[in-house]
file structure-v4.cif (mmCIF, C-alpha atoms)
data_input
#
loop_
_atom_site.label_atom_id
_atom_site.label_comp_id
_atom_site.auth_asym_id
_atom_site.auth_seq_id
_atom_site.Cartn_x
_atom_site.Cartn_y
_atom_site.Cartn_z
CA MET A 1229 0.00 0.00 0.00
CA GLY A 1230 1.63 3.24 -1.15
CA LEU A 1231 1.25 6.62 0.47
CA SER A 1232 2.02 10.07 -0.89
CA LEU A 1233 2.05 12.76 1.76
CA ALA A 1234 1.41 15.37 -0.92
CA PHE A 1235 -2.28 14.52 -0.86
CA GLY A 1236 -4.41 17.03 1.01
CA CYS A 1237 -1.56 19.10 2.45
CA ALA A 1238 -2.19 22.71 3.42
CA GLU A 1239 0.41 25.36 2.61
CA ALA A 1240 1.32 25.96 6.24
CA GLY A 1241 1.91 22.26 6.81
CA PRO A 1242 -0.40 19.53 8.10
CA CYS A 1243 0.73 19.95 11.70
CA ASP A 1244 0.33 23.75 11.80
CA THR A 1245 -2.28 24.58 14.42
CA ARG A 1246 -1.57 28.29 14.78
CA PRO A 1247 -4.64 30.59 14.94
CA LEU A 1248 -6.23 30.81 11.52
CA ASP A 1249 -5.75 34.13 9.77
CA ARG A 1250 -8.01 35.55 7.14
CA SER A 1251 -7.08 34.32 3.68
CA PRO A 1252 -4.83 36.78 1.80
CA SER A 1253 -7.36 36.91 -1.02
CA SER A 1254 -10.13 38.14 1.29
CA GLU A 1255 -9.28 41.78 0.63
CA ALA A 1256 -10.87 41.37 -2.78
CA GLY A 1257 -14.19 40.62 -1.10
CA ASP A 1258 -16.55 37.69 -1.41
CA ARG A 1259 -18.46 37.93 -4.68
CA SER A 1260 -20.01 34.45 -4.80
CA PRO A 1261 -23.83 34.40 -4.65
CA THR A 1262 -25.81 32.96 -1.75
CA LEU A 1263 -28.94 30.85 -2.12
CA VAL A 1264 -31.33 30.32 0.77
CA LEU A 1265 -33.20 27.01 0.83
CA GLU A 1266 -36.04 27.93 3.15
CA SER A 1267 -39.08 26.20 1.63
CA PRO A 1268 -38.79 22.41 1.29
CA GLU A 1269 -40.68 20.65 -1.48
CA ALA A 1270 -41.80 18.01 1.00
CA VAL A 1271 -41.51 17.31 4.73
CA PHE A 1272 -42.10 13.77 5.94
CA PRO A 1273 -44.74 14.03 8.70
CA GLN A 1274 -43.32 11.36 11.03
CA ASP A 1275 -40.23 11.75 13.19
CA PHE A 1276 -37.13 9.59 13.14
CA SER A 1277 -34.86 9.06 16.13
CA TYR A 1278 -31.76 9.74 14.03
CA PHE A 1279 -30.31 9.39 10.54
CA HIS A 1280 -27.28 10.79 8.76
CA THR A 1281 -27.57 9.25 5.28
CA VAL A 1282 -30.47 8.63 2.92
CA ARG A 1283 -30.63 6.84 -0.41
CA GLU A 1284 -33.07 7.77 -3.17
CA LEU A 1285 -34.33 4.68 -5.03
CA ALA A 1286 -35.00 4.50 -8.76
CA GLY A 1287 -38.74 5.11 -8.32
CA GLY A 1288 -38.27 8.16 -6.09
CA ASP A 1289 -38.81 6.57 -2.69
CA VAL A 1290 -36.11 7.06 -0.06
CA LEU A 1291 -34.33 4.57 2.19
CA VAL A 1292 -33.65 5.83 5.72
CA ALA A 1293 -31.56 3.92 8.28
CA ASP A 1294 -32.55 4.87 11.85
CA PRO A 1295 -30.08 3.30 14.31
CA PHE A 1296 -31.81 4.40 17.52
CA SER A 1297 -35.17 3.02 16.38
CA GLN A 1298 -33.44 -0.10 14.99
CA ALA A 1299 -35.31 0.30 11.73
CA LEU A 1300 -34.69 0.55 8.00
CA PHE A 1301 -37.54 2.45 6.36
CA ARG A 1302 -38.72 2.84 2.79
CA VAL A 1303 -40.18 6.34 2.74
CA ASP A 1304 -42.67 7.81 0.29
CA MET A 1305 -42.26 11.57 0.71
CA ASP A 1306 -45.26 12.41 -1.48
CA SER A 1307 -47.82 10.23 0.29
CA GLY A 1308 -46.27 10.70 3.74
CA THR A 1309 -46.04 6.96 4.42
CA ARG A 1310 -43.19 4.63 5.32
CA THR A 1311 -42.69 0.88 5.31
CA ARG A 1312 -40.25 -1.02 7.48
CA ILE A 1313 -37.79 -3.23 5.58
CA GLY A 1314 -36.50 -6.33 7.38
CA GLY A 1315 -36.53 -6.71 11.15
CA VAL A 1316 -34.44 -6.67 14.31
CA GLY A 1317 -32.22 -9.67 14.92
CA GLU A 1318 -29.21 -11.57 13.65
CA GLY A 1319 -30.86 -13.44 10.79
CA PRO A 1320 -30.26 -13.03 7.05
CA SER A 1321 -32.97 -10.34 6.65
CA GLU A 1322 -32.35 -8.63 9.97
CA TYR A 1323 -30.17 -5.98 11.59
CA ARG A 1324 -29.52 -4.53 15.03
CA SER A 1325 -28.25 -1.03 14.37
CA PRO A 1326 -28.82 0.10 10.77
CA ASP A 1327 -26.48 3.08 10.64
CA ALA A 1328 -26.23 4.09 6.97
CA VAL A 1329 -27.37 3.26 3.45
CA TRP A 1330 -25.27 3.73 0.31
CA PRO A 1331 -26.09 3.19 -3.38
CA LEU A 1332 -24.43 0.27 -5.17
CA PRO A 1333 -24.31 -0.52 -8.91
CA GLY A 1334 -27.48 -1.91 -10.42
CA ASP A 1335 -29.78 0.02 -8.06
CA SER A 1336 -28.67 -2.18 -5.17
CA THR A 1337 -28.02 -0.81 -1.67
CA LEU A 1338 -25.28 -1.27 0.92
CA LEU A 1339 -26.63 -1.29 4.48
CA VAL A 1340 -24.18 -0.64 7.31
CA ASP A 1341 -25.39 -2.65 10.32
CA LEU A 1342 -23.14 -1.71 13.23
CA GLY A 1343 -25.19 -3.72 15.72
CA ASN A 1344 -24.30 -6.96 13.95
CA ALA A 1345 -20.95 -5.58 12.74
CA ARG A 1346 -21.70 -6.37 9.12
CA LEU A 1347 -22.27 -4.87 5.70
CA THR A 1348 -25.38 -6.14 3.93
CA THR A 1349 -26.30 -5.84 0.25
CA LEU A 1350 -29.95 -5.36 -0.73
CA ASP A 1351 -31.04 -5.95 -4.33
CA PRO A 1352 -33.28 -3.50 -6.27
CA HIS A 1353 -36.34 -5.17 -4.71
CA LEU A 1354 -34.86 -4.57 -1.22
CA GLU A 1355 -34.26 -8.25 -0.64
CA PHE A 1356 -31.27 -9.07 1.60
CA VAL A 1357 -28.89 -10.97 -0.67
CA ARG A 1358 -25.40 -10.82 0.86
CA SER A 1359 -23.69 -10.00 4.16
CA GLU A 1360 -20.07 -9.72 5.22
CA HIS A 1361 -18.79 -9.21 8.72
CA ILE A 1362 -17.06 -5.90 9.32
CA VAL A 1363 -14.40 -7.65 11.39
CA SER A 1364 -13.67 -10.14 8.61
CA ALA A 1365 -13.61 -7.23 6.19
CA HIS A 1366 -10.60 -5.69 7.93
CA VAL A 1367 -7.59 -5.37 5.67
CA GLN A 1368 -4.25 -4.59 7.31
CA GLY A 1369 -6.10 -3.51 10.44
CA TYR A 1370 -8.56 -1.06 8.83
CA SER A 1371 -12.31 -1.30 9.29
CA SER A 1372 -14.45 -1.19 6.16
CA ILE A 1373 -17.17 1.03 7.66
CA PRO A 1374 -17.86 3.35 4.71
CA VAL A 1375 -17.43 7.10 4.74
CA ALA A 1376 -18.46 7.03 1.07
CA VAL A 1377 -19.21 4.56 -1.74
CA ASP A 1378 -18.69 5.31 -5.44
CA ASP A 1379 -20.61 4.20 -8.52
CA ARG A 1380 -18.47 1.06 -8.85
CA GLY A 1381 -19.27 -0.02 -5.30
CA MET A 1382 -15.81 0.85 -3.97
CA VAL A 1383 -15.83 1.66 -0.25
CA TYR A 1384 -13.83 4.61 1.09
CA VAL A 1385 -12.84 4.50 4.74
CA ASN A 1386 -11.17 6.54 7.45
CA SER A 1387 -7.88 5.25 8.80
CA TRP A 1388 -6.86 7.70 11.53
CA SER A 1389 -7.82 5.41 14.43
CA ALA A 1390 -5.33 2.79 13.20
CA TRP A 1391 -2.58 5.06 11.85
CA PRO A 1392 0.56 5.67 13.96
CA PRO A 1393 -0.19 8.28 16.68
CA GLY A 1394 2.75 10.48 15.71
CA ASP A 1395 1.44 11.04 12.17
CA THR A 1396 -0.98 13.93 11.64
CA LEU A 1397 -1.50 13.34 7.91
CA VAL A 1398 -3.19 10.00 7.30
CA PRO A 1399 -4.43 8.26 4.13
CA VAL A 1400 -7.87 7.99 2.58
CA LEU A 1401 -8.29 4.29 1.82
CA ARG A 1402 -10.33 2.67 -0.95
CA LEU A 1403 -11.45 -0.92 -0.47
CA ASP A 1404 -12.55 -3.21 -3.27
CA ARG A 1405 -15.05 -5.51 -1.53
CA VAL A 1406 -14.66 -8.17 -4.24
CA THR A 1407 -10.87 -8.47 -4.50
CA ARG A 1408 -10.18 -7.20 -0.93
CA ARG A 1409 -7.56 -4.84 -2.41
CA LEU A 1410 -6.85 -1.72 -0.36
CA ASP A 1411 -5.46 1.39 -2.09
CA THR A 1412 -4.39 4.83 -0.90
CA VAL A 1413 -6.27 7.46 -2.88
CA GLY A 1414 -5.60 10.63 -0.86
CA ALA A 1415 -4.83 11.89 2.61
CA TYR A 1416 -6.24 14.25 5.18
CA VAL A 1417 -5.32 15.85 8.51
CA ARG A 1418 -6.93 13.93 11.33
CA PRO A 1419 -8.42 15.62 14.42
CA TRP A 1420 -6.35 16.38 17.50
CA LEU A 1421 -5.88 13.27 19.61
CA ARG A 1422 -4.48 14.73 22.83
CA PRO A 1423 -7.16 14.52 25.56
CA SER A 1424 -6.53 18.10 26.69
CA ARG A 1425 -7.27 19.55 23.24
CA CYS A 1426 -10.79 19.79 21.96
CA ILE A 1427 -11.30 17.56 18.92
CA LEU A 1428 -14.53 19.44 18.14
CA ALA A 1429 -12.64 22.56 17.03
CA SER A 1430 -9.48 20.96 15.66
CA PRO A 1431 -8.26 21.96 12.18
CA SER A 1432 -8.83 18.54 10.59
CA LEU A 1433 -9.40 18.25 6.86
CA PRO A 1434 -12.82 16.87 5.89
CA TRP A 1435 -13.08 14.80 2.74
CA GLY A 1436 -15.59 13.03 0.54
CA VAL A 1437 -15.95 11.08 -2.70
CA ALA A 1438 -17.75 11.81 -5.96
CA PRO A 1439 -19.75 9.07 -7.70
CA ASP A 1440 -16.92 8.61 -10.24
CA GLY A 1441 -14.39 7.92 -7.46
CA THR A 1442 -12.77 11.36 -7.37
CA VAL A 1443 -11.75 12.26 -3.82
CA VAL A 1444 -12.28 15.82 -2.61
CA VAL A 1445 -10.32 17.10 0.39
CA GLY A 1446 -10.99 20.40 2.16
CA ARG A 1447 -8.25 22.91 2.97
CA GLN A 1448 -8.29 24.98 6.14
CA ARG A 1449 -5.57 27.68 6.18
CA ALA A 1450 -5.90 28.50 2.48
CA TYR A 1451 -9.59 27.64 2.50
CA GLY A 1452 -10.77 25.69 -0.51
CA VAL A 1453 -10.79 22.13 -1.88
CA ASN A 1454 -8.45 19.84 -3.81
CA TRP A 1455 -9.76 17.14 -6.13
CA HIS A 1456 -7.83 13.83 -6.47
CA ALA A 1457 -8.86 12.04 -9.65
CA PRO A 1458 -8.83 8.24 -10.01
CA ASP A 1459 -5.86 8.56 -12.42
CA GLY A 1460 -3.77 10.20 -9.66
CA SER A 1461 -3.92 13.77 -10.96
CA ILE A 1462 -4.67 16.58 -8.50
CA THR A 1463 -6.67 19.73 -9.17
CA ARG A 1464 -5.97 22.43 -6.62
CA GLY A 1465 -8.90 24.78 -6.13
CA GLU A 1466 -8.89 28.50 -5.59
CA THR A 1467 -8.32 30.07 -2.19
CA VAL A 1468 -11.61 31.39 -0.83
CA PRO A 1469 -11.82 34.32 1.61
CA PHE A 1470 -13.34 33.67 5.01
CA GLU A 1471 -14.02 35.50 8.24
CA PRO A 1472 -12.85 33.43 11.25
CA VAL A 1473 -15.51 32.92 13.91
CA PRO A 1474 -14.26 33.87 17.41
CA LEU A 1475 -14.64 30.94 19.79
CA THR A 1476 -16.89 32.19 22.59
CA ASP A 1477 -18.58 30.04 25.23
CA ALA A 1478 -21.66 29.90 23.00
CA GLU A 1479 -19.63 28.42 20.13
CA LYS A 1480 -18.02 25.91 22.48
CA GLU A 1481 -21.40 24.73 23.74
CA GLU A 1482 -22.70 24.50 20.18
CA ARG A 1483 -19.78 22.26 19.20
CA PHE A 1484 -20.59 19.91 22.08
CA ARG A 1485 -24.27 19.91 21.22
CA GLU A 1486 -23.45 18.89 17.65
CA ALA A 1487 -21.25 16.08 18.97
CA TYR A 1488 -24.05 15.05 21.33
CA LEU A 1489 -26.52 14.93 18.43
CA HIS A 1490 -24.33 13.27 15.84
CA GLY A 1491 -22.02 11.12 17.93
CA GLY A 1492 -18.86 11.45 15.87
CA ALA A 1493 -18.13 10.10 12.42
CA SER A 1494 -20.66 7.27 12.27
CA GLY A 1495 -23.55 9.07 13.93
CA VAL A 1496 -24.20 6.32 16.47
CA VAL A 1497 -24.34 7.04 20.20
CA VAL A 1498 -26.12 5.08 22.92
CA SER A 1499 -29.10 7.09 24.18
CA ALA A 1500 -27.97 6.91 27.81
CA ARG A 1501 -24.59 8.27 26.82
CA ARG A 1502 -26.35 11.16 25.10
CA THR A 1503 -27.99 12.10 28.40
CA ARG A 1504 -24.73 12.02 30.35
CA PHE A 1505 -22.93 13.94 27.60
CA ARG A 1506 -25.56 16.67 27.57
CA GLU A 1507 -25.48 17.10 31.34
CA SER A 1508 -21.70 17.54 31.36
CA PHE A 1509 -21.29 20.28 28.71
CA GLU A 1510 -19.86 22.82 31.15
CA GLU A 1511 -17.43 20.33 32.69
CA LEU A 1512 -16.25 19.16 29.27
CA ILE A 1513 -15.78 22.71 27.99
CA ASP A 1514 -13.67 23.73 30.98
CA ALA A 1515 -11.47 20.63 30.70
CA ARG A 1516 -10.33 21.30 27.12
CA GLU A 1517 -7.90 23.59 25.36
CA TRP A 1518 -9.57 25.67 22.64
CA PRO A 1519 -8.18 27.80 19.80
CA ALA A 1520 -9.00 31.50 19.65
CA VAL A 1521 -11.13 31.09 16.50
CA LEU A 1522 -12.86 28.28 14.67
CA PRO A 1523 -11.36 26.96 11.44
CA PRO A 1524 -13.44 27.76 8.35
CA ILE A 1525 -14.83 24.23 8.06
CA GLY A 1526 -15.49 21.34 10.40
CA ALA A 1527 -15.02 17.61 10.07
CA GLU A 1528 -18.41 16.84 8.50
CA THR A 1529 -18.02 14.55 5.48
CA ILE A 1530 -18.01 16.44 2.18
CA ARG A 1531 -20.81 15.18 -0.05
CA VAL A 1532 -20.74 15.45 -3.83
CA ASP A 1533 -24.03 15.89 -5.70
CA PRO A 1534 -24.99 14.53 -9.16
CA GLU A 1535 -23.73 17.79 -10.73
CA HIS A 1536 -20.20 16.99 -9.39
CA ARG A 1537 -20.36 19.83 -6.86
CA ALA A 1538 -18.77 19.38 -3.45
CA TRP A 1539 -20.91 20.61 -0.54
CA VAL A 1540 -18.56 21.88 2.20
CA ARG A 1541 -20.15 22.94 5.48
CA ARG A 1542 -18.84 26.18 6.96
CA TYR A 1543 -18.50 26.84 10.67
CA ALA A 1544 -21.01 29.50 11.66
CA PRO A 1545 -21.52 31.55 14.83
CA ALA A 1546 -23.61 29.86 17.52
CA GLY A 1547 -27.29 29.94 16.65
CA GLY A 1548 -26.60 30.68 13.00
CA ASP A 1549 -28.00 28.99 9.93
CA ALA A 1550 -26.29 26.05 8.26
CA THR A 1551 -24.17 27.20 5.31
CA TYR A 1552 -22.60 25.02 2.64
CA ASP A 1553 -20.16 26.24 0.01
CA LEU A 1554 -20.53 24.48 -3.34
CA PHE A 1555 -17.32 23.88 -5.32
CA ASP A 1556 -17.09 22.67 -8.90
CA GLY A 1557 -14.60 20.13 -10.23
CA GLU A 1558 -12.00 22.84 -10.77
CA GLY A 1559 -12.21 23.95 -7.15
CA HIS A 1560 -14.06 27.20 -7.83
CA ARG A 1561 -16.71 28.17 -5.30
CA LEU A 1562 -19.93 28.52 -7.27
CA VAL A 1563 -22.40 29.52 -4.58
CA SER A 1564 -23.12 29.36 -0.86
CA VAL A 1565 -26.31 27.54 0.12
CA THR A 1566 -27.97 28.38 3.43
CA LEU A 1567 -30.37 26.11 5.29
CA PRO A 1568 -32.34 27.01 8.41
CA ARG A 1569 -30.69 26.34 11.77
CA GLY A 1570 -30.68 22.75 12.95
CA ARG A 1571 -30.38 21.29 9.44
CA ARG A 1572 -27.72 18.93 8.13
CA LEU A 1573 -27.24 17.55 4.64
CA ALA A 1574 -28.19 13.86 4.42
CA GLY A 1575 -27.93 13.03 0.72
CA PHE A 1576 -29.04 13.69 -2.83
CA GLY A 1577 -31.51 12.41 -5.35
CA ALA A 1578 -31.47 12.93 -9.08
CA ARG A 1579 -33.00 16.41 -8.68
CA SER A 1580 -33.35 16.72 -4.91
CA VAL A 1581 -31.44 17.57 -1.75
CA TYR A 1582 -32.39 15.61 1.38
CA VAL A 1583 -31.90 17.26 4.75
CA ALA A 1584 -32.12 16.10 8.36
CA ALA A 1585 -33.97 18.72 10.43
CA PHE A 1586 -33.39 18.36 14.18
CA GLY A 1587 -36.07 19.60 16.57
CA GLU A 1588 -36.15 20.66 20.19
CA MET A 1589 -36.70 17.11 21.46
CA ASP A 1590 -33.73 15.84 19.41
CA LEU A 1591 -36.00 13.98 17.03
CA VAL A 1592 -35.42 14.53 13.34
CA ARG A 1593 -37.59 15.12 10.30
CA LEU A 1594 -36.71 14.33 6.70
CA GLU A 1595 -37.01 17.30 4.35
CA ARG A 1596 -36.65 17.38 0.58
CA TYR A 1597 -35.55 20.51 -1.29
CA GLU A 1598 -35.19 21.22 -4.98
CA MET A 1599 -31.62 20.78 -6.18
CA PRO A 1600 -30.12 24.28 -6.63
CA MET A 1601 -29.12 24.83 -10.22
CA LEU A 1602 -26.99 27.65 -11.54
CA PRO A 1603 -26.95 29.09 -15.06
CA PRO A 1604 -24.06 27.81 -17.19
#

call {"tool": "encode", "arguments": {"input": "structure-v4.cif", "output": "structure tokens"}}
result
Amino acid sequence: MGLSLAFGCAEAGPCDTRPLDRSPSSEAGDRSPTLVLESPEAVFPQDFSYFHTVRELAGGDVLVADPFSQALFRVDMDSGTRTRIGGVGEGPSEYRSPDAVWPLPGDSTLLVDLGNARLTTLDPHLEFVRSEHIVSAHVQGYSSIPVAVDDRGMVYVNSWSAWPPGDTLVPVLRLDRVTRRLDTVGAYVRPWLRPSRCILASPSLPWGVAPDGTVVVGRQRAYGVNWHAPDGSITRGETVPFEPVPLTDAEKEERFREAYLHGGASGVVVSARRTRFRESFEELIDAREWPAVLPPIGAETIRVDPEHRAWVRRYAPAGGDATYDLFDGEGHRLVSVTLPRGRRLAGFGARSVYVAAFGEMDLVRLERYEMPMLPP
């Protein structure tokens, strides 16, 4: 397995954690347009306990994996109805903690079942046809829990938990589930690991994968994105101006609330742990070192829509709306898209954007918005 440390590097170096300055290009001003998605096309009337991915099926229905409710749902947004697929258990058509759903070739679906520690393939009729144990899917010590899946069914995984502790820059790994081959296709800066430093505000580099297998990695100090094509070529995007957000107590509490809601990379947290975590916000804040300002972007996975645009979530002041910058394949920021507070991107359809909307009781609604299109 080869590794090139040129992938994903920021100009100031991957280990540079100095306070973030405004980008040098910011003096020119920010001229990119902003779109506000405030009126969803459809809102599913029933709550879910949690979800962080959705998968639009060929007919327009949506698959939603709800780990806290231990349910995989087929959702009809237009009629406002949902049907449970499979059941709870360890059998061939069952699951214990359905955490995520990803599209596979041939309109099949990959279900991540963390409760049974396995990856399950569903055919176009949503029949359970194949399972593999996540433990047996380890290659050279890396778990095959997907961060993304491309159109060929290749699985892209994080590796920072298994990479040597002294290394800040770690590889993006691509796993071929058929041949079991593991390749390095990029790299990113992992979050701070020292217990005294707050991982929630660390200058890690988020990344994601386009349907064609192109890896996109965010940059922090010279804010923007780099694209790593399957042929190994790298397209370095423009540097985008940003205004750093001062890290007040309100921002610190908001970071912990997001961690409480989303539970880290996979989105799975035991409900009892949620309660304890929420009650200890003040203690946790006081026990951590924090930077003076937030980096421009957080660690949320970058998602790439059918138009090959990378959606990169910006850090916003506490209580602010959710803002995503959309970058094209050349790394130019096309537009900023704003969603109401409490929203998080969950996936795309052919012409739709699906959003998780979190309410006051920490339940979540599924919203569908029209895909924003820009003139050529």

call {"tool": "residues_around", "arguments": {"input": "structure-v4.cif", "residues": "range 1539-1552 of chain A", "least_positions_apart": "2", "cutoff": "8 Å", "atoms": "all atoms listed in the file", "output": "MDAnalysis selection string"}}
result
chainID A and resid 1446 1473 1478:1479 1482 1522:1526 1528 1530:1533 1537 1554:1555 1564:1572

call {"tool": "closest_residue", "arguments": {"input": "structure-v4.cif", "among": "A:Gln1274, A:Thr1262, A:Gln1298, A:Thr1309", "to": "Leu1562 in chain A", "atoms": "all atoms listed in the file"}}
result
A:Thr1262

call {"tool": "resolve_selection", "arguments": {"input": "structure-v4.cif", "expression": "the PyMOL selection byres ((chain A and resi 1267) around 10)", "output": "number ranges by chain"}}
result
A: 1264-1266, 1268-1271, 1567-1568, 1595-1598

call {"tool": "atom_distance", "arguments": {"input": "structure-v4.cif", "atom1": "CA of Val1445 in chain A", "atom2": "CA of Gly1414 in chain A"}}
result
8.1 Å

call {"tool": "closest_residue", "arguments": {"input": "structure-v4.cif", "among": "A:Gly1315, A:Pro1458, A:Pro1469, A:Pro1331", "to": "Asp1440 in chain A", "atoms": "only C-alpha atoms"}}
result
A:Pro1458

call {"tool": "residues_around", "arguments": {"input": "structure-v4.cif", "residues": "Tyr1416 in chain A", "least_positions_apart": "3", "cutoff": "7 Å", "atoms": "only C-alpha atoms", "output": "NGL selection string"}}
result
:A and (1236 or 1397-1400 or 1433 or 1445)

call {"tool": "resolve_selection", "arguments": {"input": "structure-v4.cif", "expression": "the PyMOL selection byres ((chain A and resi 1344-1359) around 12)", "output": "ChimeraX atom specification"}}
result
/A:1284-1287,1289-1291,1295,1298,1300-1302,1311-1343,1360-1366,1371-1374,1381,1383,1405

call {"tool": "resolve_selection", "arguments": {"input": "structure-v4.cif", "expression": "the PyMOL selection byres ((chain A and resi 1534) around 10)", "output": "ChimeraX atom specification"}}
result
/A:1438-1439,1532-1533,1535-1538,1576-1580,1599

call {"tool": "write_last_selection", "arguments": {"input": "structure-v4.cif", "atoms": "C-alpha atoms", "output": "PDB file, in the frame of the given file"}}
result
ATOM      1  CA  ALA A1438     -17.750  11.810  -5.960  1.00  0.00           C
ATOM      2  CA  PRO A1439     -19.750   9.070  -7.700  1.00  0.00           C
ATOM      3  CA  VAL A1532     -20.740  15.450  -3.830  1.00  0.00           C
ATOM      4  CA  ASP A1533     -24.030  15.890  -5.700  1.00  0.00           C
ATOM      5  CA  GLU A1535     -23.730  17.790 -10.730  1.00  0.00           C
ATOM      6  CA  HIS A1536     -20.200  16.990  -9.390  1.00  0.00           C
ATOM      7  CA  ARG A1537     -20.360  19.830  -6.860  1.00  0.00           C
ATOM      8  CA  ALA A1538     -18.770  19.380  -3.450  1.00  0.00           C
ATOM      9  CA  PHE A1576     -29.040  13.690  -2.830  1.00  0.00           C
ATOM     10  CA  GLY A1577     -31.510  12.410  -5.350  1.00  0.00           C
ATOM     11  CA  ALA A1578     -31.470  12.930  -9.080  1.00  0.00           C
ATOM     12  CA  ARG A1579     -33.000  16.410  -8.680  1.00  0.00           C
ATOM     13  CA  SER A1580     -33.350  16.720  -4.910  1.00  0.00           C
ATOM     14  CA  MET A1599     -31.620  20.780  -6.180  1.00  0.00           C
TER      15      MET A1599
END

call {"tool": "closest_residue", "arguments": {"input": "structure-v4.cif", "among": "A:Val1563, A:Val1521, A:Leu1594, A:Met1589", "to": "Glu1471 in chain A", "atoms": "only C-alpha atoms"}}
result
A:Val1521

call {"tool": "closest_residue", "arguments": {"input": "structure-v4.cif", "among": "A:Val1437, A:Ala1450, A:Ala1584, A:Leu1263", "to": "Met1382 in chain A", "atoms": "only C-alpha atoms"}}
result
A:Val1437

call {"tool": "closest_residue", "arguments": {"input": "structure-v4.cif", "among": "A:Gly1460, A:Gly1452, A:Phe1272, A:Pro1603", "to": "Asp1411 in chain A", "atoms": "only C-alpha atoms"}}
result
A:Gly1460

call {"tool": "atom_distance", "arguments": {"input": "structure-v4.cif", "atom1": "CA of Ala1457 in chain A", "atom2": "CA of Thr1442 in chain A"}}
result
4.6 Å

call {"tool": "atom_distance", "arguments": {"input": "structure-v4.cif", "atom1": "CA of Thr1412 in chain A", "atom2": "CA of His1456 in chain A"}}
result
11.1 Å
